[in-house]
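Single-structure report; data block below.
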Amino acid sequence: MKNESEASLLRIFIGESDKYKKKSLYEVILEEARKAGMSGGTVIRGCLGYGANSVIHTSKVLRLSEDLPIIIEIIDSEEKIKSFLPKVDELVTEGLVTIEKAHVIFYRGNSKK
């Protein structure tokens with residue numbers, strides 16, 4: 001995915017306090033994506049949100065600020081995203097998972113490394 005191409009964007013919505021074997025779930029998912037050779041991934045921490053249980057999580061309320069919304073975005077070809085879904089299904093016990101079409105304009109790494 002170095003040049004302009006069509007790709008898929010995998011979005012995973014979970015809570016910051018979600019764990020997998022005592023480790024932050026978002027870290028585990030990103031590590032697994034990297035192991036699977038996915039092109040790139042980002043974890044985004046939200047300041048306000050709610051999910052299936054309709055409980056508002058916000059940084060304004062101290063007791064709820066420990067479980068802020070987390071969005072994990074992973075981009076790659078449709079085939080690689082689909083092949084990664086069983087791992088996501090294994091790891092995510094509650095949350096939301098979506099896939100969108102993405103048009104990649106360019107994908108560049110740091111050539112100085």
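In the structure tokens, the first chain shown is A, the next is B, and so on; residue numbers restart at 1 for each chain, and ligands run from 1 in the order shown.
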
Would you mind listing what lies within 7 Å of range 2-19 of chain A as a ChimeraX atom specification, with only C-alpha atoms counted and same-chain residues fewer than 6 positions away left out? /A:25,66-78,81,95-108

Residues at most 10 Å from Gly37 in chain A, counting only C-alpha atoms, excluding those fewer than 5 positions away in the same chain, as a short mmCIF file (atom, residue, chain, number, x, y, z; two decimals) with C-alpha atoms, in the first residue's frame?
data_model
loop_
_atom_site.label_atom_id
_atom_site.label_comp_id
_atom_site.auth_asym_id
_atom_site.auth_seq_id
_atom_site.Cartn_x
_atom_site.Cartn_y
_atom_site.Cartn_z
CA GLU A 31 0.23 -5.52 18.95
CA GLU A 32 -1.71 -8.30 17.21
CA ASP A 76 -4.93 -2.23 5.05
CA LYS A 80 -5.93 -8.45 5.17
CA PHE A 84 -7.69 -10.17 10.90
#

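The space separating CA of Ala52 in chain A from CA of Val28 in chain A comes to 22.4 Å.
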
Just list as a VMD selection string whatever in chain A DSSP marks as strand (DSSP E). chain A and resid 5 to 15 19 to 20 23 to 24 40 to 45 48 to 49 57 to 58 69 to 76 96 to 104

Store the residues of this selection in a file with N, CA and C atoms, as a compact mmCIF listing (two decimals), in the first residue's frame.
# COMPACT_ATOMS: atom_id res chain seq x y z
N SER A 5 -4.41 3.85 -3.74
CA SER A 5 -5.10 2.56 -3.86
C SER A 5 -6.36 2.55 -3.02
N GLU A 6 -7.15 1.51 -3.22
CA GLU A 6 -8.33 1.30 -2.39
C GLU A 6 -7.92 0.43 -1.21
N ALA A 7 -8.50 0.69 -0.05
CA ALA A 7 -8.17 -0.06 1.15
C ALA A 7 -9.42 -0.15 2.02
N SER A 8 -9.26 -0.80 3.16
CA SER A 8 -10.34 -0.87 4.15
C SER A 8 -9.84 -0.30 5.46
N LEU A 9 -10.75 0.35 6.16
CA LEU A 9 -10.46 0.93 7.48
C LEU A 9 -11.28 0.17 8.51
N LEU A 10 -10.58 -0.50 9.41
CA LEU A 10 -11.21 -1.24 10.49
C LEU A 10 -11.25 -0.32 11.71
N ARG A 11 -12.44 -0.12 12.28
CA ARG A 11 -12.58 0.68 13.49
C ARG A 11 -13.15 -0.20 14.60
N ILE A 12 -12.50 -0.13 15.74
CA ILE A 12 -12.91 -0.92 16.90
C ILE A 12 -13.16 0.06 18.04
N PHE A 13 -14.38 0.06 18.55
CA PHE A 13 -14.78 0.94 19.65
C PHE A 13 -14.87 0.11 20.92
N ILE A 14 -14.05 0.45 21.91
CA ILE A 14 -14.04 -0.26 23.19
C ILE A 14 -13.90 0.77 24.31
N GLY A 15 -13.82 0.29 25.54
CA GLY A 15 -13.58 1.17 26.68
C GLY A 15 -12.13 1.12 27.11
N LYS A 19 -9.83 -5.07 29.33
CA LYS A 19 -8.57 -5.82 29.47
C LYS A 19 -8.64 -7.13 28.73
N TYR A 20 -7.47 -7.65 28.40
CA TYR A 20 -7.31 -9.00 27.89
C TYR A 20 -6.12 -9.59 28.64
N LYS A 23 -3.95 -7.10 30.53
CA LYS A 23 -3.28 -6.07 29.75
C LYS A 23 -4.36 -5.23 29.06
N SER A 24 -4.09 -3.96 28.82
CA SER A 24 -5.05 -3.09 28.14
C SER A 24 -5.40 -3.69 26.78
N GLY A 40 -0.93 -0.21 9.19
CA GLY A 40 -0.82 0.81 10.23
C GLY A 40 -2.01 0.78 11.15
N GLY A 41 -1.81 1.27 12.36
CA GLY A 41 -2.89 1.33 13.34
C GLY A 41 -2.68 2.48 14.29
N THR A 42 -3.79 3.01 14.79
CA THR A 42 -3.76 4.13 15.73
C THR A 42 -4.81 3.91 16.81
N VAL A 43 -4.47 4.29 18.03
CA VAL A 43 -5.43 4.26 19.14
C VAL A 43 -5.78 5.70 19.47
N ILE A 44 -7.08 5.98 19.51
CA ILE A 44 -7.58 7.32 19.80
C ILE A 44 -8.40 7.27 21.08
N ARG A 45 -8.10 8.17 22.00
CA ARG A 45 -8.82 8.23 23.28
C ARG A 45 -9.86 9.34 23.20
N LEU A 48 -15.55 11.90 25.47
CA LEU A 48 -16.96 11.74 25.80
C LEU A 48 -17.56 10.69 24.88
N GLY A 49 -18.39 9.82 25.43
CA GLY A 49 -19.04 8.83 24.58
C GLY A 49 -19.95 7.92 25.36
N HIS A 57 -19.68 8.15 29.32
CA HIS A 57 -18.32 8.15 29.87
C HIS A 57 -17.70 9.47 29.48
N THR A 58 -17.22 10.20 30.46
CA THR A 58 -16.67 11.52 30.20
C THR A 58 -15.48 11.80 31.09
N PRO A 69 -13.89 6.38 26.16
CA PRO A 69 -13.98 5.65 24.89
C PRO A 69 -12.63 5.55 24.20
N ILE A 70 -12.40 4.40 23.61
CA ILE A 70 -11.18 4.16 22.83
C ILE A 70 -11.61 3.72 21.43
N ILE A 71 -10.99 4.31 20.42
CA ILE A 71 -11.20 3.89 19.04
C ILE A 71 -9.86 3.43 18.50
N ILE A 72 -9.85 2.23 17.95
CA ILE A 72 -8.65 1.69 17.32
C ILE A 72 -8.93 1.68 15.83
N GLU A 73 -8.07 2.33 15.05
CA GLU A 73 -8.21 2.35 13.60
C GLU A 73 -7.04 1.61 12.98
N ILE A 74 -7.37 0.67 12.10
CA ILE A 74 -6.35 -0.12 11.41
C ILE A 74 -6.70 -0.08 9.93
N ILE A 75 -5.71 0.21 9.10
CA ILE A 75 -5.96 0.29 7.65
C ILE A 75 -5.06 -0.67 6.90
N ASP A 76 -5.67 -1.33 5.93
CA ASP A 76 -4.93 -2.23 5.05
C ASP A 76 -5.86 -2.65 3.92
N LEU A 96 -17.90 -2.28 19.57
CA LEU A 96 -18.43 -2.14 18.22
C LEU A 96 -17.28 -2.23 17.24
N VAL A 97 -17.49 -2.97 16.16
CA VAL A 97 -16.47 -3.13 15.13
C VAL A 97 -17.10 -2.76 13.79
N THR A 98 -16.44 -1.87 13.05
CA THR A 98 -16.94 -1.47 11.73
C THR A 98 -15.81 -1.56 10.71
N ILE A 99 -16.21 -1.67 9.45
CA ILE A 99 -15.26 -1.62 8.34
C ILE A 99 -15.80 -0.62 7.33
N GLU A 100 -14.91 0.25 6.86
CA GLU A 100 -15.27 1.24 5.85
C GLU A 100 -14.30 1.14 4.69
N LYS A 101 -14.76 1.55 3.54
CA LYS A 101 -13.86 1.66 2.39
C LYS A 101 -13.01 2.92 2.59
N ALA A 102 -11.76 2.83 2.20
CA ALA A 102 -10.85 3.98 2.30
C ALA A 102 -10.10 4.13 1.00
N HIS A 103 -9.89 5.35 0.60
CA HIS A 103 -9.08 5.64 -0.59
C HIS A 103 -7.76 6.21 -0.10
N VAL A 104 -6.71 5.45 -0.22
CA VAL A 104 -5.38 5.86 0.25
C VAL A 104 -4.74 6.73 -0.83

Nearest residue to Ala36 in chain A from the set A:Lys87, A:Gly109, A:Glu94, A:Ser54 (distances using only C-alpha atoms): A:Lys87

From a DSSP calculation on the backbone, collect every residue of chain A in helix (DSSP H, G or I) and output the set as a ChimeraX atom specification. /A:25-35,62-67,78-91

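Between CA of Gly51 in chain A and CA of Lys35 in chain A there is a distance of 28.8 Å.
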
Quick one, how far is CA of Glu27 in chain A from CA of Lys82 in chain A? 20.0 Å
